[in-house]
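Pasted below: query-v3.txt, compact mmCIF, C-alpha atoms.
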# COMPACT_ATOMS: atom_id res chain seq x y z
CA MET T 231 0.00 0.00 0.00
CA ALA T 232 1.43 3.36 -1.05
CA ASN T 233 1.91 5.99 1.65
CA PHE T 234 2.72 9.01 -0.52
CA HIS T 235 0.22 10.19 -3.12
CA PRO T 236 -0.37 12.87 -5.77
CA SER T 237 -2.43 15.84 -4.63
CA ASP T 238 -6.14 16.15 -5.40
CA ASN T 239 -5.29 18.92 -7.85
CA THR T 240 -2.94 16.58 -9.70
CA LEU T 241 -5.59 13.86 -9.85
CA ILE T 242 -8.13 16.40 -11.16
CA GLU T 243 -5.73 17.51 -13.89
CA TYR T 244 -4.98 13.87 -14.73
CA SER T 245 -8.67 12.98 -15.00
CA ALA T 246 -9.26 16.04 -17.18
CA GLY T 247 -6.42 15.01 -19.49
CA ASN T 248 -4.51 18.22 -18.77
CA LEU T 249 -1.25 16.79 -17.44
CA PRO T 250 1.85 16.68 -19.66
CA ALA T 251 2.58 13.15 -20.90
CA ALA T 252 5.54 12.64 -18.55
CA LEU T 253 3.55 13.55 -15.43
CA ALA T 254 0.55 11.53 -16.61
CA ILE T 255 2.79 8.45 -16.80
CA CYS T 256 3.82 8.97 -13.17
CA VAL T 257 0.21 9.29 -12.01
CA ALA T 258 -0.92 6.29 -14.07
CA THR T 259 1.90 4.25 -12.54
CA HIS T 260 0.90 5.24 -9.01
CA LEU T 261 -2.77 4.42 -9.70
CA GLU T 262 -1.87 0.82 -10.55
CA TYR T 263 -0.38 0.49 -7.07
CA CYS T 264 -2.86 2.56 -5.07
CA PRO T 265 -6.56 1.53 -4.81
CA GLN T 266 -7.32 4.70 -2.86
CA CYS T 267 -6.14 7.08 -5.61
CA SER T 268 -7.49 4.82 -8.35
CA HIS T 269 -10.95 5.04 -6.79
CA ARG T 270 -10.60 8.80 -6.44
CA ALA T 271 -9.61 9.13 -10.11
CA SER T 272 -12.63 7.02 -11.13
CA GLN T 273 -14.90 9.34 -9.14
CA LEU T 274 -13.39 12.36 -10.86
CA ASN T 275 -13.83 10.74 -14.28
CA SER T 276 -17.48 10.05 -13.52
CA LEU T 277 -17.99 13.60 -12.29
CA GLY T 278 -16.39 14.98 -15.45
CA GLY T 279 -18.64 12.83 -17.62
CA THR T 280 -21.72 14.05 -15.75
CA LEU T 281 -20.68 17.67 -16.16
CA LEU T 282 -20.19 17.17 -19.89
CA GLU T 283 -23.64 15.57 -20.26
CA THR T 284 -25.35 18.45 -18.45
CA SER T 285 -23.37 21.28 -20.04
CA ALA T 286 -24.93 23.52 -22.64
CA LYS T 287 -23.83 22.75 -26.17
CA ALA T 288 -21.45 25.24 -27.74
CA GLN T 289 -21.29 26.22 -31.37
CA VAL T 290 -18.07 25.19 -33.11
CA ALA T 291 -16.64 25.80 -36.56
CA SER T 292 -17.45 23.24 -39.24
CA THR T 293 -13.74 22.42 -39.56
CA SER T 294 -13.20 21.73 -35.83
CA PHE T 295 -13.69 17.95 -36.02
CA THR T 296 -11.26 17.60 -38.93
CA GLN T 297 -8.67 19.68 -37.07
CA LEU T 298 -9.14 17.62 -33.91
CA MET T 299 -8.64 14.32 -35.75
CA ALA T 300 -5.51 15.71 -37.40
CA ARG T 301 -4.09 16.64 -33.98
CA ILE T 302 -4.91 13.20 -32.56
CA GLN T 303 -3.24 11.43 -35.46
CA ALA T 304 -0.16 13.63 -35.18
CA ALA T 305 0.18 13.27 -31.40
CA PRO T 306 2.83 10.86 -30.04
CA THR T 307 1.51 7.59 -28.63
CA MET T 308 2.92 5.07 -26.20
CA GLY T 309 3.88 3.02 -29.26
CA ASP T 310 6.23 5.80 -30.31
CA ILE T 311 8.30 5.54 -27.13
CA LYS T 312 11.90 4.57 -27.77
CA ALA T 313 14.96 4.09 -25.64
CA PRO T 314 17.83 6.43 -26.55
CA VAL T 315 20.97 5.03 -28.12
CA ALA T 316 23.62 4.37 -25.48
CA THR T 317 26.19 1.76 -24.59
CA ALA T 318 24.96 0.07 -21.43
CA THR T 319 23.32 -3.04 -20.04
CA LYS T 320 19.89 -3.82 -21.49
CA THR T 321 16.78 -4.45 -19.39
CA SER T 322 13.56 -6.04 -20.64
CA ALA T 323 10.01 -5.70 -19.39
CA LYS T 324 9.02 -7.31 -16.08
CA PRO T 325 5.60 -8.85 -15.43
CA ASN T 326 5.46 -7.49 -11.85
CA LEU T 327 5.65 -3.86 -13.00
CA PRO T 328 2.63 -1.70 -13.98
CA LYS T 329 1.46 -1.96 -17.59
CA VAL T 330 2.34 1.64 -18.33
CA ILE T 331 5.92 1.00 -17.19
CA ASN T 332 6.29 -2.13 -19.29
CA LYS T 333 5.25 -0.07 -22.31
CA LEU T 334 8.36 1.99 -21.64
CA ILE T 335 10.64 -1.06 -21.38
CA HIS T 336 9.11 -3.32 -23.99
CA PRO T 337 11.52 -6.09 -25.14
CA ALA T 338 11.58 -4.48 -28.58
CA ARG T 339 12.83 -1.28 -26.94
CA PRO T 340 15.05 -2.46 -24.06
CA LEU T 341 16.42 0.07 -21.63
CA LYS T 342 20.09 0.91 -21.88
CA TRP T 343 21.66 1.81 -18.59
CA LYS T 344 24.58 4.10 -17.84
CA ARG T 345 26.42 4.51 -14.56
CA VAL T 346 26.04 7.91 -12.89
CA SER T 347 27.94 7.06 -9.71
CA PRO T 348 29.08 3.87 -7.93
CA ALA T 349 25.61 3.60 -6.34
CA LEU T 350 23.39 4.94 -9.14
CA LYS T 351 22.50 3.96 -12.71
CA GLU T 352 19.99 5.63 -15.02
CA ALA T 353 18.23 4.88 -18.29
CA ILE T 354 16.55 7.73 -20.16
CA VAL T 355 13.39 7.08 -22.20
CA THR T 356 11.50 9.08 -24.79
CA VAL T 357 7.83 9.99 -24.34
CA GLY T 358 7.43 12.56 -27.10
CA GLN T 359 7.62 15.81 -25.11
CA ASP T 360 10.24 18.46 -24.45
CA GLN T 361 9.44 19.74 -20.96
CA TYR T 362 10.57 16.89 -18.71
CA GLU T 363 13.37 14.34 -18.64
CA VAL T 364 11.94 10.86 -18.05
CA CYS T 365 14.24 8.13 -16.82
CA PHE T 366 14.59 5.08 -14.63
CA HIS T 367 16.98 5.20 -11.70
CA ARG T 368 18.42 2.15 -9.99
CA ILE T 369 20.08 2.68 -6.61
CA LYS T 370 22.34 -0.16 -5.48
CA ARG T 371 21.30 -1.82 -2.22
CA GLY T 372 22.66 0.24 0.65
CA GLY T 373 23.87 2.86 -1.83
CA LYS T 374 23.64 6.59 -1.31
CA VAL T 375 22.94 9.20 -3.97
CA ALA T 376 24.81 12.50 -3.70
CA GLU T 377 22.93 15.14 -1.72
CA HIS T 378 21.18 17.47 -4.15
CA ASP T 379 18.66 20.25 -4.64
CA HIS T 380 16.20 20.49 -7.54
CA GLY T 381 16.15 22.99 -10.38
CA GLY T 382 12.44 22.33 -10.96
CA THR T 383 9.67 19.89 -10.12
CA GLU T 384 10.78 16.27 -9.79
CA ILE T 385 8.36 13.35 -9.48
CA THR T 386 9.57 9.91 -8.39
CA VAL T 387 7.52 6.71 -8.24
CA VAL T 388 9.08 3.69 -6.52
CA LEU T 389 8.80 0.53 -8.64
CA GLU T 390 10.93 -1.99 -6.75
CA GLY T 391 12.64 -1.96 -3.36
CA SER T 392 12.65 1.19 -1.25
CA PHE T 393 14.74 4.21 -0.36
CA SER T 394 14.81 6.81 2.36
CA ASP T 395 15.86 10.42 2.81
CA GLU T 396 15.67 13.04 5.52
CA LEU T 397 11.88 13.16 5.33
CA GLY T 398 10.90 9.50 5.32
CA THR T 399 11.05 6.04 3.79
CA TYR T 400 9.48 5.38 0.40
CA THR T 401 8.26 1.97 -0.74
CA VAL T 402 6.72 0.46 -3.87
CA GLY T 403 4.01 2.67 -5.35
CA ASP T 404 4.90 5.83 -3.45
CA TYR T 405 4.58 9.07 -5.44
CA ILE T 406 7.17 11.58 -4.25
CA GLU T 407 7.16 15.19 -5.41
CA LYS T 408 10.15 17.47 -4.86
CA GLN T 409 10.41 21.19 -5.58
CA PRO T 410 13.35 23.63 -5.72
CA GLY T 411 14.71 23.99 -2.20
CA ASP T 412 13.91 20.38 -1.26
CA ILE T 413 17.43 19.14 -0.53
CA HIS T 414 17.81 15.43 0.16
CA ARG T 415 20.14 12.44 -0.10
CA PRO T 416 18.30 9.26 -1.15
CA MET T 417 19.64 5.96 0.18
CA ALA T 418 18.44 2.49 -0.80
CA THR T 419 17.72 -0.09 1.89
CA GLN T 420 20.39 -2.64 2.65
CA ASN T 421 18.52 -5.74 1.46
CA GLU T 422 17.73 -4.92 -2.19
CA ASP T 423 18.25 -2.51 -5.07
CA CYS T 424 15.69 0.27 -5.54
CA LEU T 425 14.19 0.93 -8.98
CA CYS T 426 12.34 4.21 -9.55
CA LEU T 427 10.67 6.12 -12.35
CA SER T 428 11.80 9.75 -12.25
CA VAL T 429 10.47 12.77 -14.11
CA SER T 430 12.44 16.01 -13.82
CA GLU T 431 11.65 19.51 -15.03
CA ALA T 432 15.28 20.66 -14.70
CA PRO T 433 18.66 19.19 -13.74
CA VAL T 434 19.38 18.47 -10.10
CA LYS T 435 21.98 20.58 -8.33
CA ILE T 436 24.56 18.66 -6.31
CA THR T 437 25.23 20.48 -3.04
CA GLY T 438 28.54 21.26 -1.36
CA LEU T 439 32.04 21.24 -2.83
CA LEU T 440 31.24 18.22 -5.02
CA GLY T 441 28.46 20.21 -6.64
CA LYS T 442 30.80 23.02 -7.58
CA LEU T 443 32.95 20.50 -9.41
CA ILE T 444 30.33 18.51 -11.31
CA ASN T 445 27.18 20.68 -11.67
CA PRO T 446 28.52 22.37 -14.83
CA PHE T 447 28.72 18.93 -16.47
CA ILE T 448 25.26 17.59 -15.55
CA SER T 449 23.21 17.04 -18.69
CA PHE T 450 19.44 17.25 -19.14
CA ALA T 451 17.55 15.50 -21.91
CA PRO T 452 13.79 16.09 -22.25
CA ARG T 453 12.43 13.73 -24.93
Starting from the coordinates I provided, produce the structure as structure tokens.
Amino acid sequence: MANFHPSDNTLIEYSAGNLPAALAICVATHLEYCPQCSHRASQLNSLGGTLLETSAKAQVASTSFTQLMARIQAAPTMGDIKAPVATATKTSAKPNLPKVINKLIHPARPLKWKRVSPALKEAIVTVGQDQYEVCFHRIKRGGKVAEHDHGGTEITVVLEGSFSDELGTYTVGDYIEKQPGDIHRPMATQNEDCLCLSVSEAPVKITGLLGKLINPFISFAPR
């Protein structure tokens, strides 16, 4: 059972279809783990449908439907998701992970991992947008990630294992939102690796002397 959840406002935006693709993937992942939020999202969907049925009809241009269909056909789909080219270990889909996650790591598009630090690996994926970087992070059991701040919103959903920071312990299904000024140092538990989905609006900022040395070289790749 997840202990950390998206806000009601986030669920409302998700149900209305207003979230960017990257954030919608995070919410959809959490919903597969969390009956409480899944039920709440279903209620919001039903409410939205009722409001549409009772709303007054608006006049639209005769070309609106054609334009809408053109936008739908041109929009990226989950089938367009590809793993970026990199030299690293491949990872295939896992049956215990949410369906939306396995669409990101389909065997035809295996993840390709690169080492960020002795304790951390990452694999970037493409979801057809340019606002957020979407990637998987794997923290080695007992490993610590460098203490860092955030340049923008960062959403993390735990997929396997668990990790902790100064504010708590996060287990499978937890939806963790960090904002600029939220400094933390994630550490995986001692008994198993921790796999997370992470969506970042801007690069993290490593704190302290180490940050002064490596922050200029941190890359950011919205896809």
| said: When you count only C-alpha atoms, which of these residues is closest to Ala353 (chain T): T:Cys424, T:Pro236, T:Ile385, T:Pro340? | reply: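 Distance minimum relative to Ala353 (chain T) lands on T:Pro340.
In terms of minimum interatomic distance to Lys351 (chain T), T:Val375 ranks closest within T:Gly391, T:Val375, T:Ala246, T:Glu431, counting all atoms listed in the file.
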| remark: As a check of understanding: the span from CA of Ser392 (chain T) to CA of Asp404 (chain T) is 9.3 Å
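Taking only C-alpha atoms into account, Val429 (chain T) lies nearest to T:Thr386 out of the set T:Thr386, T:Thr296, T:Asn248, T:Gln409.
With all atoms listed in the file as the atoms that count, the residue of T:Val257, T:Met417, T:Leu277, T:Leu350 with the shortest distance to Tyr405 (chain T) is T:Val257.
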